[in-house]
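Data first, discussion second: the structure below is written as structure tokens.
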Amino acid sequence: MNLTSSNNCKGNILIVDDTIANLRLLVNLLRENGYKVRPVTDGNLALEAIEEKHPDLILLDIIMPEKSGYEICQTLKANPKTREIPVIFLSALSEGLDKSKAFQIGGEDYISKPFQVEEVLARVANQLTRRSLQAQLQQKNQLLSQQNSQLQLLLKATQAINSAPNLDTALEKILALVCQTIGWDLGEAWVVNWDKFVLERSRGWYANDPMLEEFHLFSQTLVFRPKEGLPGRIWQTQQPEWIEDISQQQVQVFPRCHLAAAVGLKSAFGVPIIFDNKVLAILMFFSKKTPTPQDRSLELVNAIATQLGSFVQRKQAEAELFAANQKLVLLATLDDLTGVANRRYFNEHLAREWSRLKREKTPLSLILCDVDYFKRYNDYYGHLAGDVTLKHVAQAIKQVLKRPADLVARYGGEEFVILLPNTSMEGALQVGELIRQQVQQLKIPHSQSLVSDYVSLSLGISSLVPSLNESPEVLIKMADEALYAAKRQGRNIAVARQVVLD
Ligand SMILES: [Mg+2]
């Protein structure tokens, strides 16, 4: 419908009549009255003219050679693209106008020949007004249904946010929802890491095409500082930003432009999630086409981003609290003096590993070790020096243990315990010997030792495959016996006891 777009013209009218005199008369009349008119003399030309540009109204003669007006009207009404164009039939009374047929096949009105000027103008104006009102109504309906679907989307977004267990999941749901609604191909989110002061990729993302995986994988390794790349710029300006053609960007401005082009991404749109005047995260959307930035879609994404603000803030606070709690838990499991695990934590860990290895039927080894002549050391060098030495010994043991599952704990005054899961007696003996050497190499003078000039360790080692009938205590008991044997053998030595269970 062109009525609204052409301000100077009252309407665009196509006149179809095989009688030149009629044609001329109507053309002159309507042009004089401010209409834009295109005259054609037969049906085929009429269809071509309509195809080329849709008129606002068609005045259509009924009796013509080749195609009749009725036929043309039927063709137009059968096509959804031309169905809405109103048709007024032109007919001489002598030609026997079949009014009921004219209306039946979709004609809106008819004008009788010979033409009465007032009648022609009135009927034309009437049809154009109706058409214009109809178009306005359609526009309003469209807007309403658009607003309705946007409200639905906002509602869905709210539900998704509220039911998400964590930030990544919430972002993933939102990205999918928005991409599917506004027809974009890839969505990702960048979250501010306040400790490092960078934007990091959220694990939540969306793509409608597996080919985009490469872009996602590459992006995972990136971080953006303020002003860096599109996310960094949005972080800085706190404003949404739209890039119509990524391939026209320089690497400094859009670091991923080459990869984006390689996977076929054309346009990008980013919007900040702000809470309390602080940017918490950035939502980024990519499209393979260059979509016209529709104000409504961008407005909608903004509305969703606004809703996400308080949620992101809440989830980040929760994560911080969790981390703080973890730290407290960790503190409760550590030995104050040496910073290695404490005995309580060791006992829990031993119980866990015992049941795990019982299922796996693999060996568990334990080393119990003691600083040689430590009472003499304390008496001579003082308790403060003793404490420092214990710290050094603990660190030396820790350095030998390479596997994450290995654990050293302070077991008593100068006694340490080491748990080695999935380790045979031979392996444990090797670790024990390494620990002994590591402590010797500290070369902490111990003039009161009867076995070495330096601080040294005696180590007792036990090893077994946990079984149903035994408890972890047997492992400790055997290591303790091995430790006594080591002391009897002169100290500064590692001794192992294989435990064979019935
Ligand atoms: Mg005719």
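In the structure tokens, each chain is lettered A, B, ... as it comes, each chain's residues begin at 1, and ligands are numbered from 1 in order of appearance.
Neighbours of ligand 1 at a cut-off of 9 Å, computed so that only C-alpha atoms and all ligand atoms are counted, are the residues Asp17, Asp18, Thr19, Asp61, Ile62, Ile63, Met64, Pro65, Ser68, Gly69, Leu90, Ser91, Ala92 and Glu95 of chain A.
With only C-alpha atoms taken into account, the protein and nucleic acid residues at most 12 Å from Gln239 of chain A (excluding it and anything under 6 positions from it in its own chain) are A:Leu230, A:Pro231, A:Gly232, A:Arg233, A:Phe269, A:Gly270, A:Val271, A:Pro272, A:Ile273, A:Ile274, A:Asn277, A:Lys278, A:Val279, A:Ile282, A:Leu283, A:Leu298, A:Asn302, A:Ala305.
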Include C-alpha atoms and write out the residues we just selected as a PDB file, in the first residue's frame.
```
ATOM      1  CA  LEU A 230      33.516  -5.164  20.728  1.00  0.00           C
ATOM      2  CA  PRO A 231      32.795  -6.654  24.195  1.00  0.00           C
ATOM      3  CA  GLY A 232      35.508  -4.482  25.776  1.00  0.00           C
ATOM      4  CA  ARG A 233      34.151  -1.386  24.084  1.00  0.00           C
ATOM      5  CA  PHE A 269      25.221  -6.862  17.984  1.00  0.00           C
ATOM      6  CA  GLY A 270      26.279  -6.498  21.616  1.00  0.00           C
ATOM      7  CA  VAL A 271      24.322  -5.269  24.615  1.00  0.00           C
ATOM      8  CA  PRO A 272      25.542  -4.716  28.181  1.00  0.00           C
ATOM      9  CA  ILE A 273      23.952  -6.218  31.267  1.00  0.00           C
ATOM     10  CA  ILE A 274      24.113  -3.432  33.789  1.00  0.00           C
ATOM     11  CA  ASN A 277      25.696   1.478  36.994  1.00  0.00           C
ATOM     12  CA  LYS A 278      28.182  -1.362  36.610  1.00  0.00           C
ATOM     13  CA  VAL A 279      28.498  -3.606  33.559  1.00  0.00           C
ATOM     14  CA  ILE A 282      27.825  -8.489  27.708  1.00  0.00           C
ATOM     15  CA  LEU A 283      25.413 -10.385  25.477  1.00  0.00           C
ATOM     16  CA  LEU A 298      17.065  -4.244  19.776  1.00  0.00           C
ATOM     17  CA  ASN A 302      17.775  -4.405  25.862  1.00  0.00           C
ATOM     18  CA  ALA A 305      19.412  -7.496  29.378  1.00  0.00           C
TER      19      ALA A 305
END
```
Exercise. If you run DSSP on this backbone, which residues of segment 65-276 of chain A come out as strand (DSSP E), and could you give them as a VMD selection string?
Worked result: chain A and resid 87 to 92 109 to 113 186 to 193 198 to 207 223 to 224 241 to 243 267 to 275
Seminar exercise, completed: Min atom-atom distance to Val408 of chain A from the set A:Gly107, A:Gly339, A:Pro80, A:Gly427, counting only C-alpha atoms, belongs to A:Gly339
Problem set entry | Atom-to-atom span, atom CA of Phe285 of chain A and atom CA of Leu186 of chain A, Å | 5.7 Å
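Comparing A:Arg403, A:Arg83, A:Lys443, A:Lys315 by their smallest distance to Thr389 of chain A, the closest is A:Lys443 (using only C-alpha atoms).
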Mind running segment 284-362 of chain A against segment 211-223 of chain A at 12 Å and telling me each contacting residue's nearest atom pair with the distance in Å (one decimal), counting only C-alpha atoms, chain and number ascending, as a Markdown table?
```
| residue | atom | partner | partner_atom | distance |
| --- | --- | --- | --- | --- |
| A:Met284 | CA | A:Ser219 | CA | 11.9 |
| A:Phe286 | CA | A:Leu212 | CA | 10.4 |
| A:Ser287 | CA | A:Leu212 | CA | 10.9 |
| A:Lys288 | CA | A:Leu212 | CA | 10.5 |
```
Mind dumping the selected residues with N, CA and C atoms as a PDB file, in the first residue's frame?
```
ATOM      1  N   MET A 284      26.270 -11.028  23.289  1.00  0.00           N
ATOM      2  CA  MET A 284      26.665 -10.773  21.901  1.00  0.00           C
ATOM      3  C   MET A 284      25.855 -11.678  20.978  1.00  0.00           C
ATOM      4  N   PHE A 286      25.259 -12.799  16.778  1.00  0.00           N
ATOM      5  CA  PHE A 286      25.849 -12.756  15.437  1.00  0.00           C
ATOM      6  C   PHE A 286      24.856 -13.286  14.421  1.00  0.00           C
ATOM      7  N   SER A 287      24.965 -12.741  13.196  1.00  0.00           N
ATOM      8  CA  SER A 287      24.076 -13.196  12.131  1.00  0.00           C
ATOM      9  C   SER A 287      24.872 -13.393  10.855  1.00  0.00           C
ATOM     10  N   LYS A 288      24.457 -14.398  10.075  1.00  0.00           N
ATOM     11  CA  LYS A 288      25.133 -14.650   8.797  1.00  0.00           C
ATOM     12  C   LYS A 288      24.649 -13.666   7.742  1.00  0.00           C
TER      13      LYS A 288
END
```
Within 9 Å of Leu300 of chain A, counting only C-alpha atoms, which residues show up once you throw out same-chain ones fewer than 5 positions away? Write them as a PDB file with C-alpha atoms, in the first residue's frame, please.
```pdb
ATOM      1  CA  GLN A 150       7.612  -9.727  22.606  1.00  0.00           C
ATOM      2  CA  LEU A 153       9.396 -13.614  25.064  1.00  0.00           C
ATOM      3  CA  LEU A 154      10.022 -11.393  28.076  1.00  0.00           C
ATOM      4  CA  VAL A 178      16.643 -14.372  21.768  1.00  0.00           C
ATOM      5  CA  ASP A 295      14.389  -0.943  16.648  1.00  0.00           C
ATOM      6  CA  ALA A 305      19.412  -7.496  29.378  1.00  0.00           C
TER       7      ALA A 305
END
```
Exercise. Quick one: DSSP helix (DSSP H, G or I) residues in segment 225-429 of chain A, as a PyMOL selection string?
Worked result: chain A and resi 229-237+246-248+257-262+295-332+343-360+374-381+383-400+425-429
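If you look at atom CA of Tyr381 of chain A and atom CA of Ser447 of chain A, they are 9.5 Å away from each other.
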Problem set entry | Near-Ala164 of chain A list (12 Å; only C-alpha atoms; drop same-chain fewer than 4 positions) as a ChimeraX atom specification | /A:157-160,168-174,204,308,311-312,315
Print the selection's residues with C-alpha atoms to a file, as a short mmCIF file (atom, residue, chain, number, x, y, z; two decimals), in the first residue's frame.
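Now in again.cif:
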```cif
data_model
loop_
_atom_site.label_atom_id
_atom_site.label_comp_id
_atom_site.auth_asym_id
_atom_site.auth_seq_id
_atom_site.Cartn_x
_atom_site.Cartn_y
_atom_site.Cartn_z
CA ALA A 157 13.02 -15.04 29.61
CA THR A 158 11.96 -14.24 33.16
CA GLN A 159 10.91 -17.83 33.76
CA ALA A 160 14.17 -19.14 32.28
CA ASP A 168 25.85 -20.00 32.74
CA THR A 169 22.61 -21.95 32.41
CA ALA A 170 20.51 -18.78 32.59
CA LEU A 171 22.63 -17.11 29.92
CA GLU A 172 22.43 -20.17 27.66
CA LYS A 173 18.64 -20.19 27.86
CA ILE A 174 18.37 -16.46 27.20
CA GLY A 204 26.46 -20.73 28.17
CA LEU A 308 19.23 -10.03 33.68
CA PHE A 311 19.97 -11.85 38.40
CA VAL A 312 23.61 -11.73 37.33
CA LYS A 315 24.41 -15.12 41.09
#
```
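We find atom CA of Leu357 of chain A and atom CA of Leu464 of chain A to be spaced 10.0 Å apart.
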Cut-off 12 Å: closest segment 112-216 of chain A/segment 24-30 of chain A atom pairs per residue, using only C-alpha atoms, as a Markdown table:
```
| residue | atom | partner | partner_atom | distance |
| --- | --- | --- | --- | --- |
| A:Lys113 | CA | A:Leu26 | CA | 11.2 |
| A:Pro114 | CA | A:Leu25 | CA | 10.5 |
| A:Phe115 | CA | A:Leu26 | CA | 8.5 |
| A:Gln116 | CA | A:Leu26 | CA | 10.4 |
| A:Val117 | CA | A:Leu29 | CA | 7.6 |
| A:Glu118 | CA | A:Leu29 | CA | 10.2 |
| A:Glu119 | CA | A:Leu29 | CA | 11.7 |
| A:Val120 | CA | A:Leu26 | CA | 8.5 |
| A:Leu121 | CA | A:Leu30 | CA | 7.6 |
| A:Ala122 | CA | A:Leu30 | CA | 11.2 |
| A:Arg123 | CA | A:Leu30 | CA | 11.8 |
| A:Val124 | CA | A:Leu30 | CA | 9.1 |
| A:Ala125 | CA | A:Leu30 | CA | 10.4 |
```
